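Trainee: Dumping the structure here so I can ask a few things about it.
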Amino acid sequence: MRKTTNVIIILAVGVIVFNFWYLMNRPEVAPSWPGRIQGFSFSPMQAWNNPMEDRFPTRSEIDSDLKLLAKQTNAVRTYSVEATLASIPELAREHDLNVALGAWLGVDLENNEREIATAVRVAGENYRNVVRVFVGSEALYREELTVEELIAYIDRVQAELEIPVGTAEPWHIWMKYPELAEHVDFIGTHMLPYWEGVKMEDATDYILDKMNLLAKTFPGKPIVIAEVGWPSNGRTRGEAVSSVANEALFLRHFLNKAEELDYIYYVMEAFDQPWKRENEGSVGSYWGVYDLYRQSKFPFRAPIVGIPEWRVLAGISIIIAAITFSLLLIDSISLGPFGRWFLAAIAFLAASGAVLIVYNYSQQYLTVSIVIVGCLMLLGIIGVIIVLMTEAHEWAEALWTTRMRRPLSPVVAPEEYFPMVSIHVPAYNEPPDMMIDTLNALAALEYPRFEVIVMDNNTRDPAVWQPVQEHCRKLGPRFRFFHEEQMSGFKAGALNYCLRQTDPAAEVIAVIDSDYMVTPDWLSDLAPQFLKPSVAIVQAPQDYRDEAGSLFKAMCYAEYRGFFYIGMVTRNERNAIIQHGTMTMVRKSVLEEVGGWAEWCITEDAELGLRIFEKGYEALYTSQSYGRGVMPDVFTDFKKQRYRWAYGAVQILRYHAGELLGRDKSRLTRGQRYHFIAGWLPWIADSINLIFTFAALAWSIGMIYWPIKFDPPMLMLSSVPLALFVFKIAKMFYLYRNRVRATLIQTLASALAGLSLSHTIAKAILYGFVTRSLPFFRTPKMAGGRLFWNALQSAREEALMFAALILAACMVLRIQGTETTDVLVWAAVLLILAIPYGASVCMSWISAFSRLPAKKIISSITAYTVDPPGAPQEQAGTPDLTLQPPRQSSAS
């Protein structure tokens with residue numbers, strides 16, 4: 001039944017996606033291209049040519065281009081007479097083509113003189129087909145000549161030639177310098193609505209309006225449209241979108257109107273010119289009607305389709321999405337129909353987006369740098385899709401499962417069967433009053449057989465540990481205290497020491513942190529689960545009791561809850577929980593079988609859980625709280641705690657890579673491998689995001705200081721990090737509101753606290769991949785001292801990054817302007833990248849003022865009105881195992 005449902009979902013969503021591609025690429029009817037147009041702007045550069053480097057085409061190459069154009073046009077317009085370009089009129093005459101000859105003028109006065117002299121000579125020699133001369137092209141617009149200097153050059157050429165002489169400038173330059181019109185025989189104007197951000201559909205009317213303006217301003221002067229066109233690729237500018245379809249639609253509409261109004265025009269341009277990227281940006285390469293390889297880029301008469309290959313692309317996206325969706329459904333038997341539809345929709349959208357991005361990127365002229373960036377981009381897209389799909393999978397399984405596959409059902413048995421539990425409490429330099437409260441709570445446990453071993457290691461001051469030792473004596477023989485001034489292995493070393501001191505009769509080892517106050521029913525509710533031989537771990541959530549102590553702690557508490565009431569619950573469904581070093585129980589025989597706690601790993605608890613899974617044992621998790629500790633007092637300690645967790649995750653991934661990837665033999669299931677890799681992917685994504693942030697800053701610096709050479713990234717590429725950020729925020733808000741039952745304020749508090757750790761996690765992950773070990777950092781409890789100053793100092797790096805990103809966004813907008821959508825989206829990306837750093841600064845300030853009264857705000861964050869879903873239900877239902885007392889025999 002499930003397979004049939006999955007096939008129906010794939011087919012249904014596949015049809016929807018196919019129709020989506022069709023709707024994006026519906027054929028558009030436009031007037032046919034005229035049989036012959038009046039003229040092309042003509043730069044005959046081949047792929048290997050670059051006039052800026054004095055690499056010009058040969059006469060043969062120019063002749064071949066003219067032969068091709070002669071089938072479509074009556075004339076060509078040139079821009080320079082340098083080198084072989086001076087032979088264009090002569091070669092054009094052989095193909096019955098007229099020439100509007102151009103002389104290039106700029107800041108190089110010597111070159112100007114050569115251009116003027118050569119143009120006059122070439123025009124004289126080819127008087128039969130040189131019909132006009134352009135003295136300079138946009139020299140005033142580029143501010144390379146004054147109007148007086150340009151007029152002087154024009155007057156000189158007019159004196160030498162009898163054919164019409166003028167210059168070419170955008171329409172607004174003619175309006176700015178009307179005196180220029182008095183010295184020319186015609187108004188040569190460039191009409192390029194794209195550069196002015198005009199919507200393609202309005203571009204023809206825009207040109208007609210400007211032509212009427214010029215005609216009214218300069219009555220009696222012939223007007224020649226020296227350039228008119230639309231780019232087929234490049235960045236969006238205002239409402240002007242560059243694409244092959246838009247180029248085709250604009251030109252076919254304009255040419256039809258121009259013929260009707262008898263305009264003189266030169267289409268910009270005949271062939272794509274990649275060399276122009278250096279001084280016009282990437283869009284400068286893509287104005288040709290023909291591409292670099294002399295193939296027409298669009299049909300001249302047939303309906304125009306945005307992406308002619310859209311059927312192939314749709315098919316590829318559907319195949320990728322179907323495979324992705326199928327992989328996500330492996331071992332997802334409890335996922336309901338809505339969850340399956342949700343995953344299918346995300347898979348198909350992600351696949352279509354990725355295929356479209358790769359296609360658009362591939363339409364560029366590929367250079368070594370573009371290929372390298374493209375490969376990195378492809379890896380990035382794959383990474384984003386993997387993270388996106390794992391996030392979507394957790395979202396679906398957290399909300400839309402039909403049943404709990406592994407609920408923690410109670411085990412009912414007589415006390416005679418209860419296993420003996422040895423509770424280990426490692427401590428280092430902990431406040432004695434806090435530890436005494438912890439021990440008193442343990443003394444109140446309602447369980448028949450347990451012992452408590454307190455191991456204080458490396459604490460120098462006797463005034464710290466001796467009161468705890470004395471209190472253990474008062475509590476009786478169940479409580480044993482040990483102190484060692486020199487011990488290696490950090491917390492794992494202390495726990496291994498406790499293991500060696502454990503009562504031989506103990507069957508279960510329980511571990512709590514020194515600040516945890518457990519509930520009396522902790523052992524009686526959970527220890528009987530070990531009567532099931534397959535169970536090696538029973539884990540309760542980390543919980544905290546000081547959330548009302550300050551606004552900072554209230555926000556930390558909101559952030560902690562998400563993992564224990566969402567992530568751990570979904571992981572438990574596949575026997576893949578992360579074991580934690582507090583509120584955990586482990587079967588003693590299994591602990592000894594796997595070699596005890598790993599002293600090389602700073603997250604020895606999670607590493608132990610994975611080793612136990614590799615042996616094929618079972619772990620159980622309950623989201624019901626059985627003990628509460630205290631949270632870090634300041635933001636510095638909050639960050640160090642998360643740094644340790646993230647660094648330890650990399651240690652585990654590196655050490656167990658063979659087992660996790662299936663190379664080495666183990667009894668890990670596919671679900672366990674998935675959760676251990678996918679569970680840490682968001683942290684790995686944070687580290688990659690840090691690299692991306694530095695790259696974004698570097699690229700933005702290029703956009704600021706070299707705006708011509710550094711275009712904003714493609715709109716679709718910039719949209720990828722924006723989409724992932726929005727998806728993750730939406731997921732967090734939805735799950736917190738529906739799964740954790742958090743209020744809006746609590747959800748916002750969690751988001752701020754979680755985002756504030758992004759930089760810390762990123763650094764930890766990166767260091768984890770390049771180093772082998774890190775000193776263990778104990779999270780201080782009830783710390784005193786200069787909290788205010790330390791808190792403000794805790795976000796120095798983040799404050800610097802925040803300022804750099806905000807400044808970069810502002811400068812990019814100032815230098816590049818706000819006309820281009822790509823620039824606006826890139827500025828938005830920079831601002832989104834700044835949010836986690838801003839969150840860190842906010843958290844440091846909140847931590848600095850943590851002792852200021854904010855009772856109303858705190859109460860609104862900490863007042864969780866109901867227990868998270870799952871906690872009560874896990875204990876409901878029929879008992880999992882019921883045992884009767886043994887019969888007494890005569891031998892006993």
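Residues in the structure tokens are named by chain (A, B, ... in the order shown) and by number from 1 within that chain; ligands are numbered from 1 in the order shown.
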Could you find all residues in range 243-274 of chain A that DSSP calls strand (DSSP E or B) from the backbone, and write them as a VMD selection string?

Mentor: chain A and resid 264 to 267 271

Trainee: For Trp21 in chain A, please output as an NGL selection string all residues within 8 Å (counting only C-alpha atoms; exclusion window: fewer than 3 positions along the same chain).

Mentor: :A and (17-18 or 24-25 or 310-311 or 314)

Trainee: Using only C-alpha atoms, pick whichever of A:Ala159, A:Leu150, A:Leu255, A:Ile708 has the shortest atom-to-atom distance to Arg36 in chain A.

Mentor: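 Of A:Ala159, A:Leu150, A:Leu255, A:Ile708, the one nearest Arg36 in chain A, counting only C-alpha atoms, is A:Leu255.
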
Trainee: Extract, using only C-alpha atoms, all DNA, RNA and protein residues at most 7 Å from range 225-228 of chain A, discarding same-chain residues fewer than 5 positions from it, and format them as a list in words.

Mentor: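 Close residues of range 225-228 of chain A: Ser41, Ala168, Gly188, Thr189, His190, Met191, Leu192, Ile264, Tyr265, Tyr266, Val267 and Met268 of chain A.
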
Trainee: Can you write out the residues you just picked, keeping N, CA and C atoms, as a short mmCIF file (atom, residue, chain, number, x, y, z; two decimals), in the first residue's frame?

Mentor:
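The file below, selection.cif, is the result:
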```cif
data_model
loop_
_atom_site.label_atom_id
_atom_site.label_comp_id
_atom_site.auth_asym_id
_atom_site.auth_seq_id
_atom_site.Cartn_x
_atom_site.Cartn_y
_atom_site.Cartn_z
N SER A 41 25.74 46.39 -35.85
CA SER A 41 27.01 46.82 -35.26
C SER A 41 27.95 45.62 -35.35
N ALA A 168 28.45 59.14 -32.03
CA ALA A 168 27.40 58.29 -31.41
C ALA A 168 27.46 58.45 -29.89
N GLY A 188 23.65 60.62 -34.08
CA GLY A 188 23.89 59.19 -33.86
C GLY A 188 23.60 58.85 -32.40
N THR A 189 22.56 58.09 -32.18
CA THR A 189 22.15 57.81 -30.79
C THR A 189 22.15 56.32 -30.50
N HIS A 190 22.50 55.99 -29.28
CA HIS A 190 22.43 54.60 -28.81
C HIS A 190 21.15 54.43 -28.00
N MET A 191 20.35 53.48 -28.39
CA MET A 191 19.09 53.19 -27.72
C MET A 191 19.18 51.78 -27.11
N LEU A 192 19.58 51.72 -25.85
CA LEU A 192 19.77 50.45 -25.15
C LEU A 192 18.96 50.47 -23.85
N ILE A 264 16.53 54.53 -39.43
CA ILE A 264 17.87 54.05 -39.78
C ILE A 264 18.45 53.48 -38.48
N TYR A 265 18.89 52.25 -38.49
CA TYR A 265 19.33 51.63 -37.23
C TYR A 265 20.43 50.60 -37.50
N TYR A 266 21.17 50.32 -36.48
CA TYR A 266 22.17 49.25 -36.48
C TYR A 266 21.93 48.40 -35.23
N VAL A 267 21.61 47.12 -35.45
CA VAL A 267 21.33 46.23 -34.33
C VAL A 267 22.62 45.95 -33.57
N MET A 268 22.55 46.12 -32.28
CA MET A 268 23.68 45.88 -31.38
C MET A 268 23.59 44.45 -30.85
#
```

Trainee: Quote the spacing between CA of Phe482 in chain A and CA of Val452 in chain A in Å to one decimal place.

Mentor: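 About the pair CA of Phe482 in chain A and CA of Val452 in chain A: they are 11.0 Å apart.
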
Trainee: Using only C-alpha atoms, determine which residues lie at most 12 Å from Glu599 in chain A, disregarding the query and same-chain residues fewer than 3 positions distant; provide the list as a VMD selection string.

Mentor: chain A and resid 487 to 497 595 to 596 602 to 605 607 to 608 648 651 773 to 776

Trainee: Considering only C-alpha atoms, state which residue in the set A:Gly14, A:Gly166, A:Gly374, A:Gly353 is at the smallest distance from Ile223 in chain A.

Mentor: A:Gly166

Trainee: When you look at Ile436 in chain A with a cut-off of 9 Å (counting only C-alpha atoms), what residues show up, excluding the ones that are within fewer than 6 positions of it in the same chain? I need them as a list of chain:residue names.

Mentor: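 Using only C-alpha atoms, the neighbours found are A:Pro467, A:Val468, A:His471, A:Cys472.
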
Trainee: Next, the residues of the selection above should be written as a PDB file, in the first residue's frame with N, CA, C and O atoms.

Mentor:
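Result written to result-v8.pdb:
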```pdb
ATOM      1  N   PRO A 467      34.042  19.834  51.964  1.00  0.00           N
ATOM      2  CA  PRO A 467      32.647  19.832  52.442  1.00  0.00           C
ATOM      3  C   PRO A 467      31.782  18.777  51.750  1.00  0.00           C
ATOM      4  O   PRO A 467      30.882  18.199  52.368  1.00  0.00           O
ATOM      5  N   VAL A 468      32.069  18.519  50.497  1.00  0.00           N
ATOM      6  CA  VAL A 468      31.325  17.498  49.770  1.00  0.00           C
ATOM      7  C   VAL A 468      31.677  16.116  50.304  1.00  0.00           C
ATOM      8  O   VAL A 468      30.809  15.248  50.495  1.00  0.00           O
ATOM      9  N   HIS A 471      29.864  15.621  53.510  1.00  0.00           N
ATOM     10  CA  HIS A 471      28.443  15.395  53.330  1.00  0.00           C
ATOM     11  C   HIS A 471      28.173  13.963  52.865  1.00  0.00           C
ATOM     12  O   HIS A 471      27.156  13.365  53.256  1.00  0.00           O
ATOM     13  N   CYS A 472      29.050  13.415  52.061  1.00  0.00           N
ATOM     14  CA  CYS A 472      28.889  12.019  51.650  1.00  0.00           C
ATOM     15  C   CYS A 472      28.948  11.090  52.864  1.00  0.00           C
ATOM     16  O   CYS A 472      28.197  10.102  52.946  1.00  0.00           O
TER      17      CYS A 472
END
```

Trainee: In Å to one decimal, how far is CA of Glu247 in chain A from CA of Glu61 in chain A?

Mentor: 25.8 Å

Trainee: In Å, rounded to a single decimal, give me how far CA of Ile577 in chain A is from CA of Arg340 in chain A.

Mentor: 23.2 Å

Trainee: Can you pull out the residues contacting range 718-732 of chain A? Cut-off 8 Å, using only C-alpha atoms, and skip same-chain residues under 3 positions away; I want them as JSON, numbers by chain.

Mentor: {"A": [381, 384, 388, 391, 392, 395, 713, 714, 715, 735, 736, 747, 751, 822, 825, 826, 829, 832]}

Trainee: Any chance you could export the current selection's all heavy atoms as a compact mmCIF listing (two decimals), in the first residue's frame?

Mentor:
```txt
# COMPACT_ATOMS: atom_id res chain seq x y z
N ILE A 381 25.74 23.63 -4.25
CA ILE A 381 24.31 23.34 -4.46
C ILE A 381 23.96 21.95 -3.95
O ILE A 381 22.93 21.75 -3.30
CB ILE A 381 23.97 23.48 -5.95
CG1 ILE A 381 24.01 24.95 -6.37
CG2 ILE A 381 22.59 22.90 -6.26
CD1 ILE A 381 23.82 25.18 -7.86
N VAL A 384 23.81 22.17 -0.24
CA VAL A 384 22.59 22.86 0.21
C VAL A 384 21.37 21.95 0.09
O VAL A 384 20.53 21.90 1.00
CB VAL A 384 22.38 24.16 -0.60
CG1 VAL A 384 20.97 24.71 -0.37
CG2 VAL A 384 23.41 25.20 -0.20
N LEU A 388 19.06 20.79 3.03
CA LEU A 388 17.64 21.13 2.90
C LEU A 388 16.76 19.89 3.07
O LEU A 388 15.75 19.90 3.79
CB LEU A 388 17.39 21.77 1.54
CG LEU A 388 15.94 22.18 1.22
CD1 LEU A 388 15.52 23.35 2.10
CD2 LEU A 388 15.79 22.54 -0.25
N GLU A 391 16.77 18.59 6.66
CA GLU A 391 15.93 19.45 7.48
C GLU A 391 14.45 19.16 7.20
O GLU A 391 13.62 19.09 8.12
CB GLU A 391 16.24 20.92 7.19
CG GLU A 391 17.64 21.38 7.56
CD GLU A 391 17.76 21.78 9.01
OE1 GLU A 391 16.75 21.70 9.74
OE2 GLU A 391 18.87 22.16 9.42
N ALA A 392 14.10 18.99 5.92
CA ALA A 392 12.71 18.70 5.56
C ALA A 392 12.29 17.34 6.12
O ALA A 392 11.15 17.17 6.56
CB ALA A 392 12.56 18.73 4.05
N TRP A 395 11.55 17.73 9.73
CA TRP A 395 10.28 18.47 9.83
C TRP A 395 9.10 17.51 9.64
O TRP A 395 8.16 17.48 10.44
CB TRP A 395 10.28 19.56 8.76
CG TRP A 395 9.13 20.53 8.82
CD1 TRP A 395 7.93 20.34 9.43
CD2 TRP A 395 9.07 21.83 8.22
NE1 TRP A 395 7.13 21.45 9.24
CE2 TRP A 395 7.81 22.38 8.51
CE3 TRP A 395 9.97 22.58 7.46
CZ2 TRP A 395 7.42 23.63 8.06
CZ3 TRP A 395 9.57 23.83 7.02
CH2 TRP A 395 8.33 24.36 7.32
N PRO A 713 26.89 38.31 -7.97
CA PRO A 713 26.62 36.93 -8.35
C PRO A 713 25.24 36.80 -9.01
O PRO A 713 24.36 37.62 -8.79
CB PRO A 713 26.67 36.18 -7.02
CG PRO A 713 27.55 37.02 -6.15
CD PRO A 713 27.27 38.43 -6.55
N MET A 714 25.09 35.76 -9.81
CA MET A 714 23.82 35.52 -10.49
C MET A 714 22.68 35.50 -9.48
O MET A 714 22.81 35.01 -8.36
CB MET A 714 23.86 34.17 -11.22
CG MET A 714 24.78 34.14 -12.42
SD MET A 714 24.93 32.46 -13.11
CE MET A 714 23.23 32.10 -13.51
N LEU A 715 21.55 36.04 -9.92
CA LEU A 715 20.38 36.14 -9.05
C LEU A 715 19.99 34.79 -8.47
O LEU A 715 19.73 34.66 -7.28
CB LEU A 715 19.21 36.73 -9.84
CG LEU A 715 17.89 36.89 -9.09
CD1 LEU A 715 18.05 37.84 -7.92
CD2 LEU A 715 16.81 37.39 -10.03
N LEU A 735 8.01 24.00 13.97
CA LEU A 735 8.18 22.90 14.92
C LEU A 735 8.11 23.38 16.36
O LEU A 735 7.55 22.69 17.22
CB LEU A 735 9.52 22.19 14.65
CG LEU A 735 9.61 21.38 13.37
CD1 LEU A 735 10.93 20.63 13.30
CD2 LEU A 735 8.46 20.40 13.26
N TYR A 736 8.70 24.52 16.66
CA TYR A 736 8.64 25.03 18.03
C TYR A 736 7.21 25.32 18.44
O TYR A 736 6.81 25.04 19.57
CB TYR A 736 9.50 26.29 18.16
CG TYR A 736 10.84 26.02 18.80
CD1 TYR A 736 11.85 25.39 18.09
CD2 TYR A 736 11.09 26.37 20.12
CE1 TYR A 736 13.08 25.13 18.67
CE2 TYR A 736 12.32 26.12 20.71
CZ TYR A 736 13.31 25.49 19.98
OH TYR A 736 14.52 25.22 20.57
N THR A 747 9.80 31.18 20.84
CA THR A 747 10.40 30.77 19.57
C THR A 747 11.43 31.78 19.10
O THR A 747 12.52 31.42 18.64
CB THR A 747 9.31 30.58 18.50
OG1 THR A 747 8.33 29.66 18.99
CG2 THR A 747 9.88 30.04 17.22
N ALA A 751 15.41 31.22 18.55
CA ALA A 751 16.06 31.54 17.28
C ALA A 751 17.27 32.44 17.51
O ALA A 751 18.35 32.21 16.93
CB ALA A 751 15.07 32.21 16.34
N ASP A 822 20.05 41.98 -9.14
CA ASP A 822 21.13 41.13 -8.64
C ASP A 822 21.88 41.81 -7.51
O ASP A 822 22.28 41.15 -6.54
CB ASP A 822 22.10 40.80 -9.78
CG ASP A 822 21.41 40.10 -10.94
OD1 ASP A 822 20.53 40.71 -11.55
OD2 ASP A 822 21.76 38.94 -11.22
N VAL A 825 19.63 41.79 -4.36
CA VAL A 825 19.59 40.46 -3.75
C VAL A 825 20.92 40.14 -3.07
O VAL A 825 20.95 39.56 -1.99
CB VAL A 825 19.22 39.39 -4.79
CG1 VAL A 825 19.33 37.99 -4.20
CG2 VAL A 825 17.81 39.63 -5.30
N TRP A 826 22.03 40.53 -3.71
CA TRP A 826 23.34 40.27 -3.09
C TRP A 826 23.48 41.06 -1.80
O TRP A 826 24.00 40.53 -0.80
CB TRP A 826 24.46 40.63 -4.05
CG TRP A 826 25.83 40.36 -3.47
CD1 TRP A 826 26.79 41.27 -3.16
CD2 TRP A 826 26.36 39.08 -3.12
NE1 TRP A 826 27.88 40.65 -2.64
CE2 TRP A 826 27.66 39.31 -2.61
CE3 TRP A 826 25.88 37.79 -3.19
CZ2 TRP A 826 28.47 38.26 -2.17
CZ3 TRP A 826 26.70 36.74 -2.75
CH2 TRP A 826 27.97 36.99 -2.25
N VAL A 829 21.68 39.17 0.72
CA VAL A 829 22.47 38.02 1.18
C VAL A 829 23.46 38.45 2.25
O VAL A 829 23.62 37.78 3.28
CB VAL A 829 23.21 37.36 -0.01
CG1 VAL A 829 24.24 36.34 0.48
CG2 VAL A 829 22.21 36.68 -0.94
N ILE A 832 21.61 38.99 5.41
CA ILE A 832 21.22 37.71 6.01
C ILE A 832 22.43 37.05 6.68
O ILE A 832 22.33 36.50 7.78
CB ILE A 832 20.63 36.77 4.94
CG1 ILE A 832 19.27 37.30 4.46
CG2 ILE A 832 20.49 35.36 5.47
CD1 ILE A 832 18.19 37.28 5.51
```

Trainee: Within 7 Å of Val594 in chain A, counting only C-alpha atoms, which residues qualify if same-chain residues fewer than 2 places away don't, as a list of chain:residue names?

Mentor: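 Those residues are A:Val590, A:Leu591, A:Glu592, A:Gly596, A:Arg611, A:Ile612.
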
Trainee: For the residues selected in the previous step, produce a file with N, CA and C atoms as an mmCIF file, in the first residue's frame.

Mentor:
```
data_model
loop_
_atom_site.group_PDB
_atom_site.id
_atom_site.type_symbol
_atom_site.label_atom_id
_atom_site.label_comp_id
_atom_site.auth_asym_id
_atom_site.auth_seq_id
_atom_site.Cartn_x
_atom_site.Cartn_y
_atom_site.Cartn_z
ATOM 1 N N VAL A 590 28.003 -3.883 29.035
ATOM 2 C CA VAL A 590 28.235 -3.337 27.698
ATOM 3 C C VAL A 590 29.299 -2.250 27.747
ATOM 4 N N LEU A 591 29.257 -1.413 28.783
ATOM 5 C CA LEU A 591 30.269 -0.369 28.939
ATOM 6 C C LEU A 591 31.658 -0.979 29.022
ATOM 7 N N GLU A 592 31.783 -2.045 29.751
ATOM 8 C CA GLU A 592 33.083 -2.716 29.853
ATOM 9 C C GLU A 592 33.435 -3.419 28.541
ATOM 10 N N GLY A 596 34.965 1.079 27.973
ATOM 11 C CA GLY A 596 34.793 2.233 28.855
ATOM 12 C C GLY A 596 34.659 3.535 28.098
ATOM 13 N N ARG A 611 29.674 3.813 19.805
ATOM 14 C CA ARG A 611 30.353 2.521 19.922
ATOM 15 C C ARG A 611 29.383 1.419 20.343
ATOM 16 N N ILE A 612 28.465 1.764 21.222
ATOM 17 C CA ILE A 612 27.475 0.773 21.662
ATOM 18 C C ILE A 612 26.542 0.397 20.518
#
```

Trainee: Can you work out which one of A:Ala83, A:Leu161, A:Val244, A:Leu105 has the shortest atom-to-atom distance to Arg121 in chain A, counting only C-alpha atoms?

Mentor: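 Closest to Arg121 in chain A of all the choices is A:Leu161.
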
Trainee: With distances taken over only C-alpha atoms, which of A:Ile154, A:Glu113, A:His95, A:Ser137 is nearest to Arg77 in chain A?

Mentor: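 Closest to Arg77 in chain A of all the choices is A:Ser137.
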
Trainee: Give the alpha helix (DSSP H) residues of range 99-140 of chain A, as DSSP finds them on the backbone, and put them as a PyMOL selection string.

Mentor: chain A and resi 109-125

Trainee: Generate the output file for the selected residues, N, CA and C atoms, as a PDB file, in the first residue's frame.

Mentor:
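Output file out_37.pdb follows:
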```
ATOM      1  N   LEU A 109      45.651  60.623 -26.846  1.00  0.00           N
ATOM      2  CA  LEU A 109      45.572  61.600 -27.933  1.00  0.00           C
ATOM      3  C   LEU A 109      46.334  61.143 -29.168  1.00  0.00           C
ATOM      4  N   GLU A 110      47.463  60.463 -28.989  1.00  0.00           N
ATOM      5  CA  GLU A 110      48.216  59.969 -30.143  1.00  0.00           C
ATOM      6  C   GLU A 110      47.400  58.943 -30.920  1.00  0.00           C
ATOM      7  N   ASN A 111      46.755  58.050 -30.188  1.00  0.00           N
ATOM      8  CA  ASN A 111      45.910  57.052 -30.856  1.00  0.00           C
ATOM      9  C   ASN A 111      44.733  57.735 -31.561  1.00  0.00           C
ATOM     10  N   ASN A 112      44.199  58.800 -30.968  1.00  0.00           N
ATOM     11  CA  ASN A 112      43.114  59.539 -31.613  1.00  0.00           C
ATOM     12  C   ASN A 112      43.551  60.067 -32.968  1.00  0.00           C
ATOM     13  N   GLU A 113      44.751  60.587 -33.019  1.00  0.00           N
ATOM     14  CA  GLU A 113      45.253  61.125 -34.285  1.00  0.00           C
ATOM     15  C   GLU A 113      45.396  60.032 -35.330  1.00  0.00           C
ATOM     16  N   ARG A 114      45.883  58.859 -34.890  1.00  0.00           N
ATOM     17  CA  ARG A 114      46.021  57.754 -35.840  1.00  0.00           C
ATOM     18  C   ARG A 114      44.643  57.306 -36.342  1.00  0.00           C
ATOM     19  N   GLU A 115      43.682  57.228 -35.439  1.00  0.00           N
ATOM     20  CA  GLU A 115      42.337  56.807 -35.825  1.00  0.00           C
ATOM     21  C   GLU A 115      41.715  57.795 -36.821  1.00  0.00           C
ATOM     22  N   ILE A 116      41.863  59.080 -36.548  1.00  0.00           N
ATOM     23  CA  ILE A 116      41.275  60.098 -37.438  1.00  0.00           C
ATOM     24  C   ILE A 116      41.921  60.019 -38.827  1.00  0.00           C
ATOM     25  N   ALA A 117      43.236  59.942 -38.856  1.00  0.00           N
ATOM     26  CA  ALA A 117      43.937  59.907 -40.141  1.00  0.00           C
ATOM     27  C   ALA A 117      43.566  58.655 -40.927  1.00  0.00           C
ATOM     28  N   THR A 118      43.543  57.517 -40.263  1.00  0.00           N
ATOM     29  CA  THR A 118      43.221  56.260 -40.949  1.00  0.00           C
ATOM     30  C   THR A 118      41.767  56.256 -41.423  1.00  0.00           C
ATOM     31  N   ALA A 119      40.859  56.775 -40.599  1.00  0.00           N
ATOM     32  CA  ALA A 119      39.452  56.793 -40.978  1.00  0.00           C
ATOM     33  C   ALA A 119      39.234  57.654 -42.208  1.00  0.00           C
ATOM     34  N   VAL A 120      39.864  58.798 -42.243  1.00  0.00           N
ATOM     35  CA  VAL A 120      39.728  59.672 -43.409  1.00  0.00           C
ATOM     36  C   VAL A 120      40.266  58.979 -44.654  1.00  0.00           C
ATOM     37  N   ARG A 121      41.415  58.322 -44.525  1.00  0.00           N
ATOM     38  CA  ARG A 121      42.007  57.632 -45.671  1.00  0.00           C
ATOM     39  C   ARG A 121      41.120  56.477 -46.142  1.00  0.00           C
ATOM     40  N   VAL A 122      40.660  55.633 -45.198  1.00  0.00           N
ATOM     41  CA  VAL A 122      39.860  54.460 -45.558  1.00  0.00           C
ATOM     42  C   VAL A 122      38.521  54.893 -46.170  1.00  0.00           C
ATOM     43  N   ALA A 123      37.917  55.947 -45.622  1.00  0.00           N
ATOM     44  CA  ALA A 123      36.644  56.428 -46.172  1.00  0.00           C
ATOM     45  C   ALA A 123      36.830  56.932 -47.586  1.00  0.00           C
ATOM     46  N   GLY A 124      37.970  57.609 -47.818  1.00  0.00           N
ATOM     47  CA  GLY A 124      38.238  58.096 -49.163  1.00  0.00           C
ATOM     48  C   GLY A 124      38.473  56.974 -50.140  1.00  0.00           C
ATOM     49  N   GLU A 125      39.182  55.963 -49.717  1.00  0.00           N
ATOM     50  CA  GLU A 125      39.485  54.844 -50.596  1.00  0.00           C
ATOM     51  C   GLU A 125      38.251  53.995 -50.896  1.00  0.00           C
TER      52      GLU A 125
END
```

Trainee: Return as CSV the residues of range 731-776 of chain A lying at most 12 Å from range 671-692 of chain A, together with the closest atom-to-atom pair for each and the distance in Å to one decimal, counting only C-alpha atoms, with rows in chain order and ascending residue number.

Mentor:
```
residue,atom,partner,partner_atom,distance
A:Gly754,CA,A:Trp683,CA,11.5
A:Leu755,CA,A:Asp686,CA,10.1
A:Ser756,CA,A:Asp686,CA,11.7
A:Leu757,CA,A:Asp686,CA,9.6
A:Ser758,CA,A:Asp686,CA,6.1
A:His759,CA,A:Leu690,CA,7.1
A:Thr760,CA,A:Asp686,CA,9.1
A:Ile761,CA,A:Trp683,CA,6.3
A:Ala762,CA,A:Ser687,CA,3.7
A:Lys763,CA,A:Ser687,CA,6.5
A:Ala764,CA,A:Ser687,CA,8.1
A:Ile765,CA,A:Ser687,CA,6.1
A:Leu766,CA,A:Ser687,CA,6.1
A:Tyr767,CA,A:Ser687,CA,9.6
A:Gly768,CA,A:Ser687,CA,10.5
A:Phe769,CA,A:Ile684,CA,10.3
```
